[in-house]
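S.K.: So that we are looking at the same thing, I have put the structure below in C-alpha cells.
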Amino acid sequence: MNNVDYGVLKSNIIKCLKQCKEYSLDFKVNFDKLTSLVANINLVPIAPIGENAVRVTPFDIPYLSEYFEKTRLSWFTDGKFRTVITFIDSESVDETATRLLTKLKQPDTEDPDFDKVKAVAKLVAEYPCYFATIISYQNNDPNRIGKANFVIACRANKVVIKNSDYQYDPHDFS
C-alpha cells in the first residue's frame, strides 16, 4: 500500500488549479496535468469527478466539518467555492478498478445506463483512496487582489486507515 505524503499531494494539486476568471473564486482542475503529476506518488485521480468547483452551500457545511472546525469552519461563506478530488492508490488498481476508472471518464451518452455513483462508491469502499477537499477564498494581501487562493485538506479513506500496514499520522487528517 502506498504511503502518501500530503504535502507533495497538495503541491501537485495547486499546480493544476485554474481560476475561471479574475475576481472570481470559481475554479477548475486540470485533470490531465494532475494525472501526470500524481503518477510519481502512485496515485490516480478518479476523473473527471471534481473537475469543476461549485459554490459552498449550507448543505456542504456538515461534510466540511469533517475537515474544518471552530474558526476554520465558521470562516465559510457562500462566496467560497469547493470541490473534492478522489485518488485511488495505483498499486491497488486491478482489472475491476481499471474498468470502472475507464468508464467513469466516458461521456454519459456512451453508456447512459452506467451508474457512476455506484462505480465511485465501489472504488471508495473497496480500494485504498485519498480525498482532497479544495476551497477557494480571497486573500487580503494587496498583491493577491483578484486572484483566488486555495486551502486543501486531505484524508485517507477507511480502507487505508483499517489496513494493518497503516500507521496513524496526525498529518493524515490535515
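In the C-alpha cells, chains take letters A, B, ... by order of appearance, with residues numbered from 1 within each chain and ligands from 1 in the order shown.
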Within 12 Å of Tyr67 of chain A, counting only C-alpha atoms, which residues qualify if same-chain residues fewer than 5 places away don't, as a VMD selection string?
M.R.: chain A and resid 60 to 62 72 to 73 84 131 to 135 151 to 156 171 to 174
S.K.: I want to know what sits within 9 Å of Tyr137 of chain A, based on only C-alpha atoms, with residues of the same chain fewer than 4 positions away left out; could you give that as a ChimeraX atom specification?
M.R.: /A:25,79-81,147-151
S.K.: Let me see the file: selected residues, C-alpha atoms, as a JSON list (two decimals), in the first residue's frame.
M.R.:
```
[["chain", "number", "residue", "atom", "x", "y", "z"],
["A", 25, "LEU", "CA", -13.39, 32.38, -6.77],
["A", 79, "GLY", "CA", -18.83, 33.36, -1.62],
["A", 80, "LYS", "CA", -16.35, 30.49, -1.46],
["A", 81, "PHE", "CA", -16.12, 27.62, -3.95],
["A", 147, "LYS", "CA", -6.66, 36.11, -7.55],
["A", 148, "ALA", "CA", -8.13, 33.03, -5.91],
["A", 149, "ASN", "CA", -6.25, 31.39, -3.06],
["A", 150, "PHE", "CA", -6.76, 27.80, -2.00],
["A", 151, "VAL", "CA", -6.95, 25.70, 1.15]]
```
S.K.: What gap, in Å, lies between atom CA of Lys21 of chain A and atom CA of Ala47 of chain A?
M.R.: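 Value for the atom CA of Lys21 of chain A-atom CA of Ala47 of chain A distance: 22.7 Å.
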S.K.: Please measure the separation of atom CA of Ile46 of chain A and atom CA of Phe87 of chain A, giving the value in Å to one decimal.
M.R.: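 Value for the atom CA of Ile46 of chain A-atom CA of Phe87 of chain A distance: 5.6 Å.
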S.K.: Any idea what's packed within 8 Å of segment 26-38 of chain A, counting only C-alpha atoms, ignoring anything in its chain fewer than 6 positions away? Could you give it as a ChimeraX atom specification?
M.R.: /A:9,12-13,15-20,44-45,47-48,50-55,80-81,136
S.K.: Write the selection just made, keeping N, CA and C atoms, as a CSV table (one decimal), in the first residue's frame?
M.R.:
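Output below, filename result.csv:
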```
chain,number,residue,atom,x,y,z
A,9,LEU,N,1.2,15.9,-2.3
A,9,LEU,CA,-0.1,15.8,-3.0
A,9,LEU,C,-0.6,17.2,-3.1
A,12,ASN,N,1.1,19.3,-5.8
A,12,ASN,CA,0.7,18.8,-7.1
A,12,ASN,C,-0.6,19.4,-7.5
A,13,ILE,N,-1.6,19.4,-6.5
A,13,ILE,CA,-2.9,19.9,-6.8
A,13,ILE,C,-2.9,21.3,-7.1
A,15,LYS,N,-0.8,23.1,-8.5
A,15,LYS,CA,-0.2,23.4,-9.8
A,15,LYS,C,-1.3,23.1,-10.9
A,16,CYS,N,-2.4,22.5,-10.5
A,16,CYS,CA,-3.4,22.1,-11.5
A,16,CYS,C,-4.7,22.9,-11.4
A,17,LEU,N,-4.8,23.9,-10.5
A,17,LEU,CA,-6.0,24.7,-10.3
A,17,LEU,C,-5.9,25.9,-11.1
A,18,LYS,N,-7.1,26.2,-11.8
A,18,LYS,CA,-7.1,27.4,-12.7
A,18,LYS,C,-8.4,28.2,-12.3
A,19,GLN,N,-8.2,29.4,-11.9
A,19,GLN,CA,-9.2,30.4,-11.6
A,19,GLN,C,-10.0,30.6,-12.9
A,20,CYS,N,-11.3,30.5,-12.9
A,20,CYS,CA,-12.1,30.7,-14.1
A,20,CYS,C,-12.0,32.1,-14.7
A,44,VAL,N,-3.9,7.8,-8.7
A,44,VAL,CA,-4.6,8.1,-10.0
A,44,VAL,C,-5.9,8.8,-9.6
A,45,PRO,N,-6.1,10.0,-10.1
A,45,PRO,CA,-7.3,10.7,-9.8
A,45,PRO,C,-8.5,10.0,-10.4
A,47,ALA,N,-11.2,10.7,-12.3
A,47,ALA,CA,-11.5,11.8,-13.2
A,47,ALA,C,-12.8,11.5,-14.0
A,48,PRO,N,-13.5,12.5,-14.3
A,48,PRO,CA,-13.4,13.9,-14.1
A,48,PRO,C,-14.2,14.4,-12.9
A,50,GLY,N,-15.1,16.1,-9.7
A,50,GLY,CA,-14.4,17.1,-9.0
A,50,GLY,C,-13.7,18.1,-9.9
A,51,GLU,N,-13.9,18.0,-11.2
A,51,GLU,CA,-13.2,18.9,-12.1
A,51,GLU,C,-13.6,20.4,-12.0
A,52,ASN,N,-14.9,20.6,-11.8
A,52,ASN,CA,-15.5,21.9,-11.7
A,52,ASN,C,-15.9,22.2,-10.2
A,53,ALA,N,-15.4,23.3,-9.7
A,53,ALA,CA,-15.8,23.7,-8.4
A,53,ALA,C,-17.2,24.2,-8.4
A,54,VAL,N,-17.8,24.2,-7.2
A,54,VAL,CA,-19.2,24.7,-7.0
A,54,VAL,C,-19.2,25.6,-5.8
A,55,ARG,N,-20.1,26.5,-5.8
A,55,ARG,CA,-20.3,27.4,-4.6
A,55,ARG,C,-20.6,26.6,-3.4
A,80,LYS,N,-17.5,31.4,-1.2
A,80,LYS,CA,-16.3,30.5,-1.5
A,80,LYS,C,-16.8,29.4,-2.4
A,81,PHE,N,-15.8,28.8,-3.1
A,81,PHE,CA,-16.1,27.6,-3.9
A,81,PHE,C,-15.3,26.4,-3.4
A,136,SER,N,-11.7,27.6,-2.3
A,136,SER,CA,-11.1,28.9,-2.8
A,136,SER,C,-11.5,30.0,-1.9
```
S.K.: Using only C-alpha atoms, which protein or nucleic acid residues come within 12 Å of Val117 of chain A? Drop anything in the same chain fewer than 6 positions from it, and give the result as JSON, numbers by chain.
M.R.: {"A": [49, 100, 103, 104, 123, 124, 125]}
S.K.: Mind dumping the selected residues with C-alpha atoms as a compact mmCIF listing (two decimals), in the first residue's frame?
M.R.:
```
# COMPACT_ATOMS: atom_id res chain seq x y z
CA ILE A 49 -15.23 13.87 -10.76
CA LEU A 100 -14.51 1.38 -13.61
CA LYS A 103 -15.97 4.01 -17.78
CA LEU A 104 -16.07 6.97 -15.40
CA LEU A 123 -13.91 2.18 -5.69
CA VAL A 124 -14.02 4.11 -2.40
CA ALA A 125 -15.48 1.17 -0.48
```
S.K.: With distances taken over only C-alpha atoms, which residue among A:Lys122, A:Val4, A:Asp78, A:Ile85 lies nearest Arg99 of chain A?
M.R.: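 Smallest separation from Arg99 of chain A among the options: A:Lys122.
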S.K.: Any idea what the distance is between atom CA of Pro128 of chain A and atom CA of Ser92 of chain A?
M.R.: 7.1 Å
S.K.: Enumerate the residues of segment 12-74 of chain A with a DSSP assignment of strand (DSSP E), computed from the backbone, and present them as a list in words.
M.R.: Leu17, Lys18, Gln19, Phe27, Lys28, Val29, Leu43, Val44, Pro45, Val54 and Arg55 of chain A
S.K.: Residues near Asn163 of chain A, anyone? I mean within 10 Å using only C-alpha atoms, not counting same-chain ones fewer than 4 positions away, as an NGL selection string.
M.R.: :A and (1 or 128 or 158-159 or 167)
S.K.: Smallest atom-to-atom distance to Ala119 of chain A: which of A:Pro107, A:Thr102, A:Leu64, A:Asn40, using only C-alpha atoms?
M.R.: A:Thr102
S.K.: Taking the DSSP assignment computed from this structure's backbone, write out as a list of chain:residue names all residues of segment 98-150 of chain A that belong to helix (DSSP H, G or I).
M.R.: A:Thr98, A:Arg99, A:Leu100, A:Leu101, A:Thr102, A:Lys103, A:Leu104, A:Lys105, A:Lys116, A:Val117, A:Lys118, A:Ala119, A:Val120, A:Ala121, A:Lys122, A:Leu123, A:Val124, A:Ala125, A:Glu126, A:Pro142, A:Asn143, A:Arg144
S.K.: Which residue is closest to Ile161 of chain A? Choose from A:Phe76, A:Val56, A:Asn3, A:Arg144 and count only C-alpha atoms.
M.R.: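 Smallest distance to Ile161 of chain A is found for A:Asn3.
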